[in-house]
Amino acid sequence: MNEREPEKTTRPAVSPPRSAPDAASVTGLRRALPAEVPAEVPVRPPTPAEEDVPEPPAGLTGRQRLVNGLWPPRLTRAQLIVAILLFGLGFGLAVQVASNSDGDSALRGARQEDLVRILDELDDRTERLEDEKQGLEKQRDELENSSDQAEEARKQTIEKERQLGVLAGTVAAQGPGITMTIEDTKGTVEADMLLDAIQELRAAGAEAIQVNGVRVVAGTYLTDSGDGVGVDGNKITAPYRFKVIGKPQDLEPALNIPGGVVQTLEKEQATVTVERSTKIVVDALRTVKRPDYARSSSQ
């Protein structure tokens, strides 16, 4: 039986080259496709600060570009706030420095002679306190070493009583000191000015003070009273005469320091004279009053 064998087809090992499309077909294909569109590059919008900055003109040097960048100034809100805070801080520091230097303004404008006088006054105060310390130590040693301690204690008690009587104004006192007279023809001297004079004299070592016949003690108060001044309820009028017992070399310079009592009174058109004396008598007395509430702790 003869069977028919299928026909075998064979392909060539190498495909024949394709023929290039003709120009007419390529032109028609390009017309059918849309035209190519180039991709768009996203553009970042300028910031407000960049909008305000003008572009530097061409041909400028580096220094000219720096000047153009700094002037006119372009401040942002944050920079303005920081500038205000720095200004407030600087102003506060300036006020603090000025307030601290006000207390030294009088000494800065003082002459060399005045500064030397102030230093001498401070040295005298230190020496006076040192002498007082040595006196107390001497009393302690005498009490400890005396054979008759009771008699020595009695003597010191009597002497202490006299000293306290001078301070309390219950006994008269005399000694070297000064006399200060204040002429007030304009009526501008007030109680606080006389009080400053008393405080300055006490700080300079005054041991007894009398003003127009009124003894000044620890509890003395001054008030304005019409055309005069009230001292512990006693009205006194100008001229105001101070009798002060103490070391004249300390009392007078204390009144004449720059910006002190004398200069303050002279600014109020008052006339002040200070005289030293080897003997000042303070004979105005105060009556001893029993305190209403205070009692000695030994009772």
# chains A, B, ... in the order shown; residues from 1 in each chain; ligands from 1

$ residues_around --residues "range 253-267 of chain A" --least-positions-apart "3" --cutoff "9 Å" --atoms "only C-alpha atoms" --output "PyMOL selection string"
chain A and resi 106-107+109-111+114-115+117-118+121+182+188-189+193-194+196-197+200-201+203-204+248-250+270-274

$ residues_around --residues "range 158-173 of chain A" --least-positions-apart "6" --cutoff "6 Å" --atoms "only C-alpha atoms" --output "ChimeraX atom specification"
/A:217,282-283,285-286

$ write_last_selection --atoms "N, CA, C and O atoms" --output "short mmCIF file (atom, residue, chain, number, x, y, z; two decimals), in the first residue's frame"
data_model
loop_
_atom_site.label_atom_id
_atom_site.label_comp_id
_atom_site.auth_asym_id
_atom_site.auth_seq_id
_atom_site.Cartn_x
_atom_site.Cartn_y
_atom_site.Cartn_z
N VAL A 217 17.80 114.67 120.53
CA VAL A 217 18.10 113.35 121.07
C VAL A 217 17.75 112.30 120.02
O VAL A 217 17.40 112.62 118.88
N VAL A 282 26.29 123.01 125.55
CA VAL A 282 24.94 122.54 125.21
C VAL A 282 24.21 122.37 126.53
O VAL A 282 24.43 121.40 127.26
N ASP A 283 23.35 123.34 126.84
CA ASP A 283 22.71 123.35 128.16
C ASP A 283 21.20 123.14 128.10
O ASP A 283 20.54 123.18 129.15
N LEU A 285 18.02 121.01 128.22
CA LEU A 285 17.81 119.70 128.82
C LEU A 285 16.47 119.13 128.41
O LEU A 285 15.53 119.85 128.07
N ARG A 286 16.38 117.81 128.51
CA ARG A 286 15.14 117.09 128.24
C ARG A 286 14.73 116.36 129.52
O ARG A 286 15.57 115.86 130.26
#

$ atom_distance --atom1 "CA of Glu252 in chain A" --atom2 "CA of Pro176 in chain A"
12.2 Å

$ closest_residue --among "A:Val67, A:Val216, A:Leu136, A:Val211" --to "Ile236 in chain A" --atoms "only C-alpha atoms"
A:Val211

$ closest_residue --among "A:Ala150, A:Ile81, A:Ala206, A:Ile178" --to "Arg276 in chain A" --atoms "only C-alpha atoms"
A:Ile178

$ select_by_dssp --residues "range 126-179 of chain A" --states "strand (DSSP E)" --output "list in words"
Ala173, Gln174, Gly175, Pro176, Gly177, Ile178 and Thr179 of chain A

$ select_by_dssp --residues "range 147-278 of chain A" --states "helix (DSSP H, G or I)" --output "VMD selection string"
chain A and resid 149 to 168 191 to 203 248 to 255 261 to 267

$ atom_distance --atom1 "CA of Gly205 in chain A" --atom2 "CA of Arg241 in chain A"
18.4 Å
